[in-house]
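A.B. asks: Below you will find the structure I want to go over with you.
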Amino acid sequence: MASRGKLRELPLRLSLAGGSAFLPAMLLLSAAVARQPAQAVPAKGRAAASHRPRAGATVPPAGRRRAALPPQAEAITVQGATLGADGVNGRAPGGGLIRPQTAPKARSTISQDYIAKQAPAQNAYNLVKMAPGVVVANTDPAGHEKSALSMRGLTQDEIANVYEGMPLSSVGGYNLDLAWVIDTENIGSISVQPGSAGLDSPAINGSGGLFSLSMRDPSRTFGGLADVGAGSRDYTRQFFRVDTGEWGHSGIRSFISVSNQHDSFYRGPGQESFQHVDFKVLKEWDENNRIALIGGFMRGLAGNEPYWNTTMANWRRYGWSNQLARYYDPGTQNTDYWKLNWLHSRTYNIVAPMHFKAGRVSFDFTPYTAYNDKVYGSGTDLNNDLYYGNQFVTGMVIPGQHPGTTSGIAESYSSLNEMRGGFSARTVVDLGANKPFIGYWYDYDNATDLTGFTGVYQDGSPYTPWGYLSKTLRMPDGRPYYTTDYSDITQTNALYAGDTLSLLQGRFVAEGGMRVTMINRDATQRLPGLPYKYGLNELQLLPQLGAHYQIDRNWQVFAGVATGAKAPPDSYLISTLNPNTGQYAYRGNAAVKQEYSISEEAGLRYDGTLLVGSLTYFHYNFTNRQISTYGYLGNEQIAENLNGGGQTSDGFDAEIGTRPIHHFRPYVSAQYLHSTIDNNIRAGDDYLPTKGKTAINSPEWTTSLGIDWDNGTFFWNYGLIYFSKQYSTFMNDEALPSLVTMNLTVGARLPKTGWLGRRTSSVFKSPEIMLWINNLADTKAYSAINSPRLNARTTRGIFGTQIAGQAPTYNTLSHFYAIVTFRTGF
């Protein structure tokens, strides 16, 4: 196994699907393209860029300080020609990894200048991995398997995830498959806001911050974008987008895109396949009045993850050889055959954000709807005599079972069917110095969870990979046999109000308010022996206050205090029975207290002609810290939860990036975090001595370095990320080692010929070819904590009890992986 955080030197071998070396071809291509003049940005424009204020900025009269930009001005538009059809302009600070901010909270924004230089397969979590304090561990370089995200030591189930004003995280378990929401080519920008979500954030789990995602606007002229890619592990991808331009003189413009991706599992046998459609229709009257209709549809087949989550003991024994089986043996009936361990999914997300302004009153209204149909499968050995709830059932016949046998192989499938809808509304009244606002959010979520079984054909494939009722295992009386069967209806009502105060000609801006969130859960458990109905009402009271002051043209200070909360997920409340004994495997608890946080921040920002940067100090206090983890019931992975009690965190984070310096735009970020557990944690009838221990998932240091170089013809982009060790147990007796990873992009814009590369308005639609490399040093290591535990070793409790340890599990880092993408506009 590679040393923890140490890199070993390797020749730069770019091994693609066919195994051929790609570097010589890139060098020859570069030599050929070098003879072509750079056409993207006129020399005059480039020279002026480093000596003038950024585009869109207002230059105050001499001797007068500029006013602070209003919050809505953060989406800065850079004038002048772009370098290609992907939106790259070559001028964004830090290569697109930093943007000037004015919010009274720490915030980082990633723009197209960085997004377009990563592999299109990457999901949005992977695109923010360079931001300060953000740790992203992707188990799949092809982008479609789940990524693990944390900010300032707080994991993604504590982070509000929002897409164009609609919530993304499920209200049942806060799960999220981000790659299935939007294709990377259609992302406009991504922002991360550690610390707390906003008053208007449509989420009930924002105790640790906010992750927000937006879609690009359709072009004002007809055109489009196409890209094709190929790479390691049989990776192929095709993407095609058409922008209609304005429909006559109606003010309506739109685009629609389709994509298709196929690859093999990043480790071991198996195949993945995804098809995706995105669209956006936009009607604008002026900059203050617009309506959009945004949608996305996805169908996918992916690998399940039981062999990507491993204990340290298994990792030391098997390393990357711990993987699914390539072939099925009818004699041994091996349950680890890859066709028995995968995921089928069908989803859609539709949202219609609207903004209107009449006189002094502005109004935002965002209705949305979403649907998820997901089936997780895993091979298992099944007995014919089992408990249905607490009722013993005998004589069941597994489909495809040999006559006379009492057990056999089956596929266990867990099916989630979720329908969601709601809306958010906000009104602001401009009274001059004061801008009072009021808002309301309503959300309805109806989810059904089933765990059943189906038979296995002689070739090892399941009878029904989608969990169809007609092919599920049934009891002798004809009823389907389930080990989980419940539905949950969750309704959320949130009301908030506040005021924005602007003084000293806009140099001082303060904003504060209060949010009241009411959550009602109504669940039905259909297995005999479990309570049939339970209801739960939760209340969140969340005040916030923050301000910023523009010292002069370049310097700004900000500070704020905010509260956050995370409602307990369904897995706290739902009981589980063991099908082998009929006894409780997990007893739900409707009295679980919600997680609550109080955070304070204070920071300094600089926005100059050359540098953009920020430095932030933060402090947190948590009560009833909820820790989500996973366990197994037989071969089925089930959610488990731990109450981490109180927690205190202190630290600082910083980021700085430059505007172009001889085509270079470097970026650096860093975070120091000191996070401790405030109390001893209950374990059975005793307590573990955890007070004063370091909190889990909390690396003391995280740093990143990004370097972007782009002269209009050639470009390259390098990223290096480091995080120190993270404890995976509350007793600090096991830890995820420190890790260094590196990624690299190299590309060239090709000569413009025919309809490929024509100039439209100020946009050069250059064809380009790009090579992206994941895990450049091919480091073999863990990448994230999957399932934390109280203690890994047997520990004596406060009252003398010997408390047995449990092994945490980890996600493993993906191999060296290379993808070549050819892209062109038209």
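Starting from 1 in every chain, residues are counted up; chains themselves are A, B, ... following the order of the structure tokens, and ligands are numbered from 1 as listed.
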Where in stretch 78-161 of chain A does DSSP assign strand (DSSP E or B), given as a ChimeraX atom specification?
C.D. replies: /A:82,108-110,134-138,147-151,154-155,160-161
A.B. asks: Using DSSP secondary structure from the backbone, list all helix (DSSP H, G or I) positions within stretch 67-209 of chain A, as a list in words.
C.D. replies: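 Taking stretch 67-209 of chain A and keeping helix (DSSP H, G or I) gives Pro71, Gln72, Ala73, Glu74, Pro93, Gly94, Gly95, Gly96, Gln112, Asp113, Tyr114, Ile115, Asn126, Leu127, Val128, Gln156, Asp157, Glu158, Leu178, Ala179, Trp180, Thr184, Glu185 and Asn186 of chain A.
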A.B. asks: Can I get the selection written as a compact mmCIF listing (two decimals), in the first residue's frame, with N, CA, C and O atoms?
C.D. replies:
# COMPACT_ATOMS: atom_id res chain seq x y z
N PRO A 71 -25.42 42.55 -2.50
CA PRO A 71 -25.24 41.09 -2.56
C PRO A 71 -25.53 40.51 -3.92
O PRO A 71 -24.85 39.60 -4.36
N GLN A 72 -26.53 41.03 -4.66
CA GLN A 72 -26.85 40.42 -5.94
C GLN A 72 -25.80 40.69 -7.00
O GLN A 72 -25.84 40.15 -8.07
N ALA A 73 -24.82 41.55 -6.68
CA ALA A 73 -23.79 41.85 -7.68
C ALA A 73 -22.66 40.85 -7.68
O ALA A 73 -21.69 41.02 -8.38
N GLU A 74 -22.78 39.77 -6.88
CA GLU A 74 -21.67 38.82 -6.80
C GLU A 74 -21.45 38.06 -8.09
O GLU A 74 -20.37 37.59 -8.37
N PRO A 93 -10.22 35.25 -11.62
CA PRO A 93 -9.16 35.09 -10.63
C PRO A 93 -8.96 33.63 -10.23
O PRO A 93 -9.92 32.86 -10.12
N GLY A 94 -7.69 33.27 -10.02
CA GLY A 94 -7.39 31.93 -9.57
C GLY A 94 -7.81 30.84 -10.52
O GLY A 94 -8.03 29.71 -10.11
N GLY A 95 -7.92 31.15 -11.81
CA GLY A 95 -8.34 30.15 -12.78
C GLY A 95 -9.78 29.72 -12.60
O GLY A 95 -10.17 28.62 -12.98
N GLY A 96 -10.63 30.61 -12.01
CA GLY A 96 -12.04 30.29 -11.80
C GLY A 96 -12.35 29.69 -10.44
O GLY A 96 -13.49 29.30 -10.18
N GLN A 112 -17.00 28.95 -14.50
CA GLN A 112 -16.76 28.16 -15.71
C GLN A 112 -15.28 28.07 -16.07
O GLN A 112 -14.87 27.10 -16.70
N ASP A 113 -14.48 29.06 -15.71
CA ASP A 113 -13.06 29.01 -16.07
C ASP A 113 -12.37 27.79 -15.48
O ASP A 113 -11.38 27.29 -16.02
N TYR A 114 -12.85 27.30 -14.35
CA TYR A 114 -12.31 26.08 -13.77
C TYR A 114 -13.12 24.86 -14.18
O TYR A 114 -12.56 23.82 -14.54
N ILE A 115 -14.45 24.98 -14.14
CA ILE A 115 -15.33 23.83 -14.41
C ILE A 115 -15.05 23.24 -15.79
O ILE A 115 -14.97 22.02 -15.95
N ASN A 126 -17.04 17.24 -6.81
CA ASN A 126 -15.62 17.17 -7.15
C ASN A 126 -15.08 18.50 -7.65
O ASN A 126 -13.87 18.74 -7.60
N LEU A 127 -15.96 19.37 -8.13
CA LEU A 127 -15.51 20.65 -8.66
C LEU A 127 -15.24 21.68 -7.57
O LEU A 127 -14.68 22.74 -7.86
N VAL A 128 -15.63 21.39 -6.32
CA VAL A 128 -15.35 22.34 -5.23
C VAL A 128 -14.26 21.83 -4.29
O VAL A 128 -14.05 22.39 -3.22
N GLN A 156 -21.83 15.84 4.54
CA GLN A 156 -22.83 16.34 3.61
C GLN A 156 -24.26 16.19 4.10
O GLN A 156 -25.15 16.91 3.64
N ASP A 157 -24.53 15.27 5.05
CA ASP A 157 -25.88 15.17 5.59
C ASP A 157 -26.20 16.34 6.52
O ASP A 157 -27.35 16.51 6.93
N GLU A 158 -25.19 17.17 6.86
CA GLU A 158 -25.41 18.38 7.67
C GLU A 158 -25.32 19.65 6.82
O GLU A 158 -25.29 20.76 7.36
N LEU A 178 -25.48 13.58 -6.64
CA LEU A 178 -25.39 14.89 -7.26
C LEU A 178 -25.13 14.82 -8.77
O LEU A 178 -25.58 15.69 -9.53
N ALA A 179 -24.42 13.78 -9.22
CA ALA A 179 -24.09 13.69 -10.63
C ALA A 179 -25.33 13.49 -11.49
O ALA A 179 -25.29 13.69 -12.70
N TRP A 180 -26.44 13.09 -10.88
CA TRP A 180 -27.65 12.80 -11.64
C TRP A 180 -28.57 14.00 -11.74
O TRP A 180 -29.66 13.91 -12.28
N THR A 184 -22.32 18.41 -16.30
CA THR A 184 -21.31 19.40 -15.96
C THR A 184 -21.25 20.53 -16.97
O THR A 184 -21.03 21.69 -16.62
N GLU A 185 -21.45 20.23 -18.24
CA GLU A 185 -21.38 21.26 -19.28
C GLU A 185 -22.43 22.34 -19.11
O GLU A 185 -22.31 23.44 -19.68
N ASN A 186 -23.49 22.05 -18.35
CA ASN A 186 -24.58 23.00 -18.19
C ASN A 186 -24.53 23.75 -16.86
O ASN A 186 -25.43 24.56 -16.58
A.B. asks: Excluding same-chain residues fewer than 5 positions from stretch 621-626 of chain A, what lies within 8 Å of it counting only C-alpha atoms, as a compact mmCIF listing (two decimals) with C-alpha atoms, in the first residue's frame?
C.D. replies:
# COMPACT_ATOMS: atom_id res chain seq x y z
CA PRO A 568 -33.31 13.63 12.69
CA LYS A 593 -33.32 15.50 19.68
CA GLN A 594 -32.36 17.46 16.59
CA GLU A 595 -28.84 18.72 16.05
CA TYR A 596 -28.38 22.42 16.78
CA SER A 597 -25.42 24.68 16.04
CA ILE A 598 -24.36 28.24 16.82
CA SER A 599 -21.59 29.62 14.61
CA ASN A 641 -27.00 6.82 13.69
CA LEU A 642 -24.92 7.94 16.65
CA ASN A 643 -25.48 10.83 19.03
CA GLY A 644 -22.16 12.63 19.36
CA GLY A 645 -23.38 14.96 22.10
CA GLY A 646 -21.71 18.38 22.28
CA GLN A 647 -18.86 19.58 20.09
CA THR A 648 -16.78 22.76 19.87
CA SER A 649 -14.82 23.82 16.80
A.B. asks: Would you pick out the contacts of A:Val281 at 12 Å or less, using only C-alpha atoms, so that residues sharing its chain but fewer than 2 positions from it are not included, and give the list as a tab-separated table (two decimals) with N, CA, C and O atoms, in the first residue's frame?
C.D. replies:
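Result file follows (part34.tsv):
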chain	number	residue	atom	x	y	z
A	215	MET	N	-27.64	26.64	-12.98
A	215	MET	CA	-27.52	26.27	-14.39
A	215	MET	C	-27.21	27.50	-15.24
A	215	MET	O	-27.66	28.61	-14.93
A	216	ARG	N	-26.45	27.32	-16.29
A	216	ARG	CA	-26.16	28.40	-17.22
A	216	ARG	C	-27.44	28.89	-17.88
A	216	ARG	O	-28.42	28.15	-17.99
A	217	ASP	N	-27.43	30.14	-18.35
A	217	ASP	CA	-28.54	30.67	-19.12
A	217	ASP	C	-28.40	30.28	-20.59
A	217	ASP	O	-27.27	30.11	-21.09
A	218	PRO	N	-29.50	30.14	-21.30
A	218	PRO	CA	-29.41	29.88	-22.74
A	218	PRO	C	-28.74	31.06	-23.45
A	218	PRO	O	-28.84	32.21	-23.02
A	219	SER	N	-28.09	30.76	-24.56
A	219	SER	CA	-27.44	31.79	-25.36
A	219	SER	C	-28.48	32.67	-26.04
A	219	SER	O	-29.59	32.24	-26.33
A	220	ARG	N	-28.11	33.92	-26.33
A	220	ARG	CA	-29.02	34.84	-27.01
A	220	ARG	C	-29.03	34.60	-28.52
A	220	ARG	O	-29.88	35.15	-29.23
A	243	ASP	N	-28.63	25.54	-28.42
A	243	ASP	CA	-29.25	26.79	-27.97
A	243	ASP	C	-30.09	27.35	-29.10
A	243	ASP	O	-29.59	27.54	-30.22
A	244	THR	N	-31.35	27.65	-28.83
A	244	THR	CA	-32.24	28.15	-29.88
A	244	THR	C	-32.00	29.61	-30.20
A	244	THR	O	-32.38	30.08	-31.27
A	245	GLY	N	-31.36	30.34	-29.28
A	245	GLY	CA	-31.32	31.78	-29.41
A	245	GLY	C	-32.70	32.35	-29.08
A	245	GLY	O	-33.60	31.64	-28.64
A	246	GLU	N	-32.87	33.64	-29.29
A	246	GLU	CA	-34.16	34.27	-28.98
A	246	GLU	C	-35.20	33.85	-30.00
A	246	GLU	O	-34.95	33.83	-31.20
A	247	TRP	N	-36.39	33.52	-29.50
A	247	TRP	CA	-37.50	33.13	-30.37
A	247	TRP	C	-38.11	34.41	-30.95
A	247	TRP	O	-38.95	35.06	-30.31
A	251	GLY	N	-38.28	37.65	-26.46
A	251	GLY	CA	-37.54	37.65	-25.20
A	251	GLY	C	-37.37	36.27	-24.61
A	251	GLY	O	-36.85	36.13	-23.51
A	252	ILE	N	-37.80	35.24	-25.34
A	252	ILE	CA	-37.68	33.85	-24.88
A	252	ILE	C	-36.48	33.20	-25.56
A	252	ILE	O	-36.31	33.32	-26.77
A	253	ARG	N	-35.66	32.52	-24.80
A	253	ARG	CA	-34.56	31.73	-25.34
A	253	ARG	C	-34.47	30.43	-24.56
A	253	ARG	O	-34.97	30.36	-23.42
A	254	SER	N	-33.82	29.43	-25.13
A	254	SER	CA	-33.85	28.11	-24.51
A	254	SER	C	-32.68	27.28	-24.98
A	254	SER	O	-31.99	27.62	-25.95
A	255	PHE	N	-32.46	26.17	-24.28
A	255	PHE	CA	-31.54	25.15	-24.76
A	255	PHE	C	-32.03	23.80	-24.30
A	255	PHE	O	-32.78	23.67	-23.33
A	256	ILE	N	-31.59	22.76	-24.98
A	256	ILE	CA	-31.81	21.38	-24.57
A	256	ILE	C	-30.54	20.61	-24.84
A	256	ILE	O	-29.84	20.87	-25.83
A	278	ASP	N	-31.07	17.60	-20.12
A	278	ASP	CA	-31.26	18.88	-19.43
A	278	ASP	C	-31.96	19.85	-20.36
A	278	ASP	O	-31.75	19.80	-21.59
A	279	PHE	N	-32.74	20.77	-19.80
A	279	PHE	CA	-33.30	21.84	-20.62
A	279	PHE	C	-33.53	23.07	-19.76
A	279	PHE	O	-33.65	23.00	-18.54
A	283	LYS	N	-37.53	33.41	-20.13
A	283	LYS	CA	-38.22	34.59	-20.64
A	283	LYS	C	-37.79	35.78	-19.80
A	283	LYS	O	-37.94	35.78	-18.58
A	284	GLU	N	-37.23	36.80	-20.48
A	284	GLU	CA	-36.78	38.00	-19.80
A	284	GLU	C	-37.47	39.23	-20.39
A	284	GLU	O	-37.54	39.38	-21.61
A	290	ARG	N	-37.99	38.15	-14.88
A	290	ARG	CA	-37.66	36.96	-15.66
A	290	ARG	C	-38.34	35.73	-15.07
A	290	ARG	O	-38.60	35.65	-13.88
A	291	ILE	N	-38.60	34.77	-15.95
A	291	ILE	CA	-39.15	33.47	-15.58
A	291	ILE	C	-38.32	32.40	-16.28
A	291	ILE	O	-37.99	32.55	-17.47
A	292	ALA	N	-37.99	31.33	-15.59
A	292	ALA	CA	-37.26	30.23	-16.20
A	292	ALA	C	-37.96	28.92	-15.88
A	292	ALA	O	-38.59	28.77	-14.82
A	293	LEU	N	-37.87	27.98	-16.78
A	293	LEU	CA	-38.31	26.60	-16.57
A	293	LEU	C	-37.10	25.72	-16.79
A	293	LEU	O	-36.53	25.69	-17.89
A	294	ILE	N	-36.69	25.00	-15.74
A	294	ILE	CA	-35.46	24.21	-15.76
A	294	ILE	C	-35.81	22.76	-15.45
A	294	ILE	O	-36.60	22.48	-14.54
A	295	GLY	N	-35.24	21.84	-16.20
A	295	GLY	CA	-35.54	20.44	-15.95
A	295	GLY	C	-34.38	19.53	-16.28
A	295	GLY	O	-33.49	19.87	-17.07
A	350	ILE	N	-37.54	19.24	-11.76
A	350	ILE	CA	-38.09	20.36	-12.53
A	350	ILE	C	-38.31	21.53	-11.57
A	350	ILE	O	-38.92	21.36	-10.51
A	351	VAL	N	-37.82	22.70	-11.94
A	351	VAL	CA	-37.93	23.89	-11.10
A	351	VAL	C	-38.18	25.09	-12.00
A	351	VAL	O	-37.69	25.14	-13.14
A	352	ALA	N	-38.95	26.05	-11.50
A	352	ALA	CA	-39.31	27.24	-12.30
A	352	ALA	C	-39.06	28.50	-11.49
A	352	ALA	O	-40.01	29.10	-10.94
A	353	PRO	N	-37.82	28.96	-11.38
A	353	PRO	CA	-37.54	30.19	-10.61
A	353	PRO	C	-38.05	31.43	-11.34
A	353	PRO	O	-37.88	31.58	-12.56
A	354	MET	N	-38.69	32.32	-10.61
A	354	MET	CA	-39.26	33.55	-11.17
A	354	MET	C	-38.82	34.74	-10.32
A	354	MET	O	-38.74	34.65	-9.10
A.B. asks: So how far away is atom CA of A:Gln275 from atom CA of A:Ser461, in Å?
C.D. replies: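 These two atoms are separated by 22.2 Å.
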A.B. asks: Excluding same-chain residues fewer than 2 positions from stretch 101-111 of chain A, what lies within 9 Å of it counting only C-alpha atoms, as a PDB file with C-alpha atoms, in the first residue's frame?
C.D. replies:
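The file below, result.pdb, is the result:
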ATOM      1  CA  ALA A  68     -19.963  48.236  -1.279  1.00  0.00           C
ATOM      2  CA  LEU A  69     -21.449  46.098  -3.972  1.00  0.00           C
ATOM      3  CA  PRO A  70     -24.952  44.844  -3.208  1.00  0.00           C
ATOM      4  CA  PRO A  71     -25.244  41.094  -2.563  1.00  0.00           C
ATOM      5  CA  GLN A  72     -26.847  40.422  -5.936  1.00  0.00           C
ATOM      6  CA  ALA A  73     -23.791  41.853  -7.676  1.00  0.00           C
ATOM      7  CA  GLU A  74     -21.669  38.825  -6.801  1.00  0.00           C
ATOM      8  CA  VAL A  88     -13.763  30.056 -20.468  1.00  0.00           C
ATOM      9  CA  ALA A  92     -11.319  34.814 -13.783  1.00  0.00           C
ATOM     10  CA  GLY A  95      -8.343  30.152 -12.776  1.00  0.00           C
ATOM     11  CA  GLY A  96     -12.038  30.289 -11.799  1.00  0.00           C
ATOM     12  CA  LEU A  97     -11.534  29.030  -8.220  1.00  0.00           C
ATOM     13  CA  ILE A  98     -12.246  32.339  -6.461  1.00  0.00           C
ATOM     14  CA  ARG A  99     -14.611  35.261  -6.944  1.00  0.00           C
ATOM     15  CA  ASP A 113     -13.058  29.007 -16.073  1.00  0.00           C
ATOM     16  CA  TYR A 114     -12.305  26.076 -13.773  1.00  0.00           C
ATOM     17  CA  ILE A 115     -15.326  23.833 -14.414  1.00  0.00           C
ATOM     18  CA  ALA A 116     -14.742  23.612 -18.177  1.00  0.00           C
ATOM     19  CA  LEU A 127     -15.514  20.654  -8.660  1.00  0.00           C
ATOM     20  CA  VAL A 128     -15.351  22.338  -5.226  1.00  0.00           C
ATOM     21  CA  ALA A 131     -12.153  25.428  -1.785  1.00  0.00           C
ATOM     22  CA  PRO A 132     -10.890  26.138   1.760  1.00  0.00           C
ATOM     23  CA  ILE A 187     -23.393  24.207 -14.762  1.00  0.00           C
ATOM     24  CA  GLY A 188     -23.217  28.002 -14.477  1.00  0.00           C
ATOM     25  CA  SER A 189     -21.516  28.324 -11.083  1.00  0.00           C
ATOM     26  CA  ILE A 190     -21.141  26.510  -7.759  1.00  0.00           C
ATOM     27  CA  SER A 191     -20.906  28.096  -4.308  1.00  0.00           C
ATOM     28  CA  VAL A 192     -20.021  26.647  -0.921  1.00  0.00           C
ATOM     29  CA  GLN A 193     -20.921  28.501   2.269  1.00  0.00           C
ATOM     30  CA  PRO A 194     -19.499  26.729   5.332  1.00  0.00           C
ATOM     31  CA  GLY A 195     -20.920  27.633   8.697  1.00  0.00           C
ATOM     32  CA  SER A 196     -24.639  27.959   8.108  1.00  0.00           C
ATOM     33  CA  VAL A 509     -24.580  46.676   5.061  1.00  0.00           C
ATOM     34  CA  ALA A 510     -26.197  44.613   7.828  1.00  0.00           C
ATOM     35  CA  GLU A 511     -28.733  41.826   7.482  1.00  0.00           C
ATOM     36  CA  LEU A 545     -27.295  38.421  12.016  1.00  0.00           C
ATOM     37  CA  GLY A 546     -24.379  39.564   9.875  1.00  0.00           C
ATOM     38  CA  ALA A 547     -22.762  42.654   8.381  1.00  0.00           C
ATOM     39  CA  HIS A 548     -19.930  43.817   6.158  1.00  0.00           C
ATOM     40  CA  GLN A 556     -13.740  44.737   3.279  1.00  0.00           C
ATOM     41  CA  VAL A 557     -14.436  43.286   6.732  1.00  0.00           C
ATOM     42  CA  PHE A 558     -17.397  41.092   7.648  1.00  0.00           C
ATOM     43  CA  ALA A 559     -18.775  39.317  10.703  1.00  0.00           C
ATOM     44  CA  GLY A 560     -21.843  37.356  11.626  1.00  0.00           C
ATOM     45  CA  VAL A 561     -23.526  34.933  13.980  1.00  0.00           C
ATOM     46  CA  GLU A 601     -17.469  34.198  11.838  1.00  0.00           C
ATOM     47  CA  ALA A 602     -15.294  37.249  11.287  1.00  0.00           C
ATOM     48  CA  GLY A 603     -13.189  37.894   8.251  1.00  0.00           C
ATOM     49  CA  ARG A 605     -11.470  40.333   2.175  1.00  0.00           C
ATOM     50  CA  ASP A 607     -10.298  42.634  -4.078  1.00  0.00           C
ATOM     51  CA  SER A 614     -10.088  36.329   2.082  1.00  0.00           C
ATOM     52  CA  LEU A 615      -9.230  35.270   5.643  1.00  0.00           C
ATOM     53  CA  THR A 616     -11.940  33.993   8.025  1.00  0.00           C
ATOM     54  CA  GLU A 655      -7.928  31.591   0.022  1.00  0.00           C
TER      55      GLU A 655
END
A.B. asks: Counting only C-alpha atoms, which of A:Leu739, A:Gly797, A:Arg507, A:His344 gets nearest to A:Ala777?
C.D. replies: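 Closest to A:Ala777 of all the choices is A:Leu739.
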